[in-house]
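**Q** Have a peek at upload.csv (CSV, C-alpha atoms).
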```csv
chain,number,residue,atom,x,y,z
A,1,MET,CA,0.0,0.0,0.0
A,2,ARG,CA,1.2,3.5,-0.7
A,3,ILE,CA,1.0,5.9,2.3
A,4,THR,CA,1.9,9.4,2.9
A,5,VAL,CA,2.7,10.3,6.5
A,6,THR,CA,3.9,13.7,7.8
A,7,VAL,CA,6.7,13.0,10.3
A,8,ASN,CA,8.1,15.9,12.3
A,9,GLY,CA,6.7,18.3,9.7
A,10,GLN,CA,8.1,16.4,6.7
A,11,PRO,CA,5.8,14.4,4.4
A,12,TYR,CA,7.0,10.9,3.5
A,13,THR,CA,5.5,8.7,0.8
A,14,ARG,CA,6.3,5.0,0.9
A,15,ASP,CA,5.0,1.7,-0.3
A,16,VAL,CA,4.5,-0.5,2.8
A,17,GLU,CA,3.1,-3.9,3.8
A,18,PRO,CA,-0.4,-3.5,5.3
A,19,ARG,CA,0.8,-5.3,8.5
A,20,LEU,CA,3.9,-3.0,9.0
A,21,LEU,CA,3.8,-1.4,12.5
A,22,LEU,CA,4.3,2.3,12.8
A,23,VAL,CA,7.3,1.8,15.1
A,24,HIS,CA,9.0,-0.2,12.3
A,25,PHE,CA,8.0,2.3,9.6
A,26,LEU,CA,9.7,5.1,11.6
A,27,ARG,CA,12.8,3.1,12.5
A,28,ASP,CA,13.4,1.0,9.4
A,29,GLU,CA,11.8,3.0,6.6
A,30,LEU,CA,12.6,6.5,7.8
A,31,ASP,CA,15.7,5.8,9.9
A,32,LEU,CA,14.3,7.7,12.9
A,33,THR,CA,15.7,5.4,15.6
A,34,GLY,CA,14.8,7.7,18.5
A,35,THR,CA,11.5,5.8,18.8
A,36,HIS,CA,12.5,2.7,20.7
A,37,TRP,CA,11.0,-0.8,20.4
A,38,GLY,CA,10.5,-2.6,23.7
A,39,CYS,CA,8.0,-5.1,24.7
A,40,ASP,CA,6.0,-5.4,21.5
A,41,THR,CA,2.8,-5.8,23.6
A,42,SER,CA,2.0,-2.2,24.4
A,43,ASN,CA,2.9,-2.6,28.0
A,44,CYS,CA,6.1,-0.6,28.3
A,45,GLY,CA,5.4,2.6,26.4
A,46,VAL,CA,9.0,3.1,25.0
A,47,CYS,CA,7.6,3.3,21.5
A,48,THR,CA,5.3,6.3,22.3
A,49,VAL,CA,5.0,8.9,19.6
A,50,GLN,CA,2.4,11.6,18.9
A,51,LEU,CA,-0.2,10.9,16.3
A,52,ASP,CA,-2.0,14.1,15.4
A,53,GLY,CA,-0.8,15.5,18.8
A,54,VAL,CA,-1.9,12.6,20.9
A,55,PRO,CA,0.5,10.1,22.5
A,56,VAL,CA,0.1,6.6,21.0
A,57,LYS,CA,2.1,3.4,21.4
A,58,SER,CA,3.5,2.9,17.9
A,59,CYS,CA,3.8,-0.8,18.4
A,60,THR,CA,0.0,-1.0,18.3
A,61,VAL,CA,-0.6,1.3,15.3
A,62,LEU,CA,-0.2,0.1,11.7
A,63,ALA,CA,1.7,2.4,9.5
A,64,VAL,CA,-1.3,2.5,7.1
A,65,MET,CA,-3.4,3.9,9.9
A,66,ALA,CA,-1.1,6.9,10.0
A,67,ASP,CA,-1.7,7.6,6.3
A,68,GLY,CA,-2.7,11.3,5.9
A,69,HIS,CA,-1.8,12.0,9.5
A,70,GLU,CA,1.0,13.8,11.4
A,71,VAL,CA,3.4,11.9,13.6
A,72,THR,CA,5.9,13.6,16.0
A,73,THR,CA,8.9,11.6,17.2
A,74,VAL,CA,11.5,12.6,19.7
A,75,GLU,CA,13.6,13.9,16.9
A,76,GLY,CA,10.8,16.4,16.2
A,77,LEU,CA,10.9,18.0,19.7
A,78,GLU,CA,14.0,20.1,19.0
A,79,ARG,CA,13.4,23.2,16.9
A,80,ASP,CA,16.1,25.2,15.1
A,81,GLY,CA,18.9,23.7,17.2
A,82,GLU,CA,17.0,24.5,20.5
A,83,LEU,CA,16.0,21.7,22.8
A,84,ASP,CA,12.3,21.6,23.9
A,85,ALA,CA,11.7,22.6,27.5
A,86,VAL,CA,11.0,19.0,28.4
A,87,GLN,CA,14.3,17.9,27.0
A,88,LYS,CA,16.0,20.6,28.9
A,89,GLY,CA,14.2,19.6,32.1
A,90,PHE,CA,15.4,16.0,31.7
A,91,VAL,CA,19.0,17.3,31.4
A,92,GLU,CA,18.7,19.8,34.3
A,93,CYS,CA,17.0,17.4,36.7
A,94,HIS,CA,18.6,14.1,35.7
A,95,GLY,CA,15.4,12.7,34.4
A,96,LEU,CA,17.1,9.8,32.6
A,97,GLN,CA,19.4,7.0,33.4
A,98,CYS,CA,19.8,4.5,30.6
A,99,GLY,CA,17.6,6.6,28.3
A,100,PHE,CA,15.5,3.7,26.9
A,101,CYS,CA,12.2,5.1,28.1
A,102,THR,CA,13.1,8.7,27.6
A,103,PRO,CA,11.7,9.4,24.1
A,104,GLY,CA,8.2,8.1,25.2
A,105,MET,CA,8.4,10.1,28.4
A,106,LEU,CA,9.4,13.3,26.6
A,107,LEU,CA,6.6,13.0,24.1
A,108,THR,CA,4.0,12.3,26.8
A,109,ALA,CA,5.3,15.2,28.9
A,110,ARG,CA,5.1,17.6,25.9
A,111,TRP,CA,1.5,16.4,25.3
A,112,LEU,CA,0.7,17.0,29.0
A,113,LEU,CA,2.2,20.5,29.1
A,114,ASP,CA,0.5,21.5,25.9
A,115,ARG,CA,-2.8,20.7,27.5
A,116,ASN,CA,-2.0,21.6,31.1
A,117,PRO,CA,0.9,24.1,31.4
A,118,ASP,CA,1.0,23.8,35.2
A,119,PRO,CA,0.3,20.1,36.2
A,120,ASP,CA,0.7,19.0,39.8
A,121,GLU,CA,2.6,15.9,40.7
A,122,GLY,CA,-0.4,13.6,40.6
A,123,GLN,CA,-1.3,14.8,37.1
A,124,ILE,CA,2.2,14.2,35.9
A,125,ARG,CA,2.3,10.7,37.4
A,126,GLU,CA,-1.1,9.9,35.8
A,127,ALA,CA,0.1,11.2,32.4
A,128,ILE,CA,3.3,9.1,32.4
A,129,SER,CA,1.6,6.0,33.9
A,130,GLY,CA,1.6,4.3,30.5
A,131,GLN,CA,5.4,4.4,30.4
A,132,LEU,CA,7.6,2.0,32.4
A,133,CYS,CA,11.1,3.1,33.6
A,134,ARG,CA,13.1,0.2,34.9
A,135,CYS,CA,15.9,2.4,36.2
A,136,THR,CA,14.3,5.1,38.4
A,137,GLY,CA,11.6,5.6,41.0
A,138,TYR,CA,10.2,8.3,38.7
A,139,GLU,CA,11.1,11.1,41.1
A,140,ASN,CA,13.6,12.8,38.7
A,141,ILE,CA,11.2,12.3,35.8
A,142,VAL,CA,8.4,14.1,37.6
A,143,ARG,CA,10.9,16.7,38.8
A,144,SER,CA,12.0,17.2,35.1
A,145,ILE,CA,8.5,17.7,33.9
A,146,ARG,CA,7.8,20.2,36.7
A,147,TRP,CA,11.0,22.0,35.7
A,148,ALA,CA,9.7,22.2,32.1
A,149,ALA,CA,6.4,23.5,33.3
A,150,GLU,CA,8.0,26.3,35.3
A,151,ALA,CA,10.4,27.1,32.4
A,152,GLY,CA,7.4,27.4,30.1
A,153,ARG,CA,5.8,30.2,32.2
```
Is it possible to give me this structure as structure tokens?
**A**
Amino acid sequence: MRITVTVNGQPYTRDVEPRLLLVHFLRDELDLTGTHWGCDTSNCGVCTVQLDGVPVKSCTVLAVMADGHEVTTVEGLERDGELDAVQKGFVECHGLQCGFCTPGMLLTARWLLDRNPDPDEGQIREAISGQLCRCTGYENIVRSIRWAAEAGR
């Protein structure tokens, strides 16, 4: 099937197998390897991207379902050489350790802050509840998102 997907503001047209998952389309067809592939069962959330501005687990979305839609990956957060506030927050507050869950966390955090620029800790924890981090107790991740919220004011 021929699909056209806008990824990080750039349209891409490709012929794909109807069963190709979005995570594999991004990584293998477009060489955007910031989107990680983890559990393949939608449990871990490391494959999270934004589809039309909403976080989705790209291991549960077929690439053909993204035809005509806009996808944002972690590579699309940075603008004109400037890191997004959530990326800066993760740097400033040590919000990552191994980094495997970080792309999904960043995209979910950006979605949250776009809808609620001043979330409390409970709202942050609820927003990221679909992402697993096996390295941390989430304290620095929550702190990083709060930092981004405060920097955005």
**Q** Dig up all the protein and nucleic acid residues within 12 Å of (2.2, 1.5, 33.8) in the file frame, using only C-alpha atoms, and format them as a list in words.
**A** Ser42, Asn43, Cys44, Gly45, Val46, Met105, Arg125, Glu126, Ala127, Ile128, Ser129, Gly130, Gln131, Leu132, Cys133, Arg134 and Tyr138 of chain A
**Q** Hey, can you check how far atom CA of Glu150 of chain A sits from atom CA of Val91 of chain A?
**A** 14.7 Å
**Q** Kindly give the distance, in Å, that separates atom CA of Leu32 of chain A and atom CA of Val74 of chain A, rounded to a single decimal.
**A**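 It comes out at 8.8 Å.
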**Q** How many Å separate atom CA of Gly89 of chain A from atom CA of Asp114 of chain A?
**A** 15.2 Å
**Q** With distances taken over all atoms listed in the file, which of A:Ala85, A:Ala109, A:Leu21, A:Val54 is nearest to Ile141 of chain A?
**A**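 For Ile141 of chain A, the nearest of the candidates is A:Ala109.
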**Q** Pick the closest to Ala148 of chain A from A:Pro11, A:Pro119, A:Gly76, A:Gly81: which is it, counting all atoms listed in the file?
**A**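 Under the stated criterion, the closest residue is A:Pro119.
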**Q** With distances taken over all atoms listed in the file, which of A:Leu77, A:Leu51, A:Val56, A:Ala63 is nearest to Glu29 of chain A?
**A** A:Ala63
**Q** Give me the residues within 8 Å of Pro55 of chain A as a list in words, counting only C-alpha atoms and dropping any in the same chain fewer than 2 places off.
**A**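 Skipping anything fewer than 2 positions along the chain leaves Thr48, Val49, Gln50, Leu51, Gly53, Lys57, Leu107, Thr108 and Trp111 of chain A.
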**Q** Please identify all polymer residues within 10 Å of Glu139 of chain A, counting all atoms listed in the file, omitting same-chain residues fewer than 5 positions from it, and present them as a list in words.
**A** Cys93, His94, Gly95, Glu121, Arg125 and Ser144 of chain A
**Q** Smallest atom-to-atom distance to Gly9 of chain A: which of A:Glu92, A:Asp84, A:Glu70, A:Asp40, using only C-alpha atoms?
**A**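 Comparing A:Glu92, A:Asp84, A:Glu70, A:Asp40 against Gly9 of chain A, the winner is A:Glu70.
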**Q** Find, counting all atoms listed in the file, the residue in A:Cys98, A:Val61, A:Val7, A:Cys47 that gets nearest to Leu30 of chain A.
**A** A:Val7
**Q** Rank A:Leu106, A:Val86, A:Leu22, A:Leu62 by their smallest atom-to-atom distance to Trp147 of chain A, using all atoms listed in the file, and report the top residue only.
**A**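 Using all atoms listed in the file, the shortest distance to Trp147 of chain A belongs to A:Val86.
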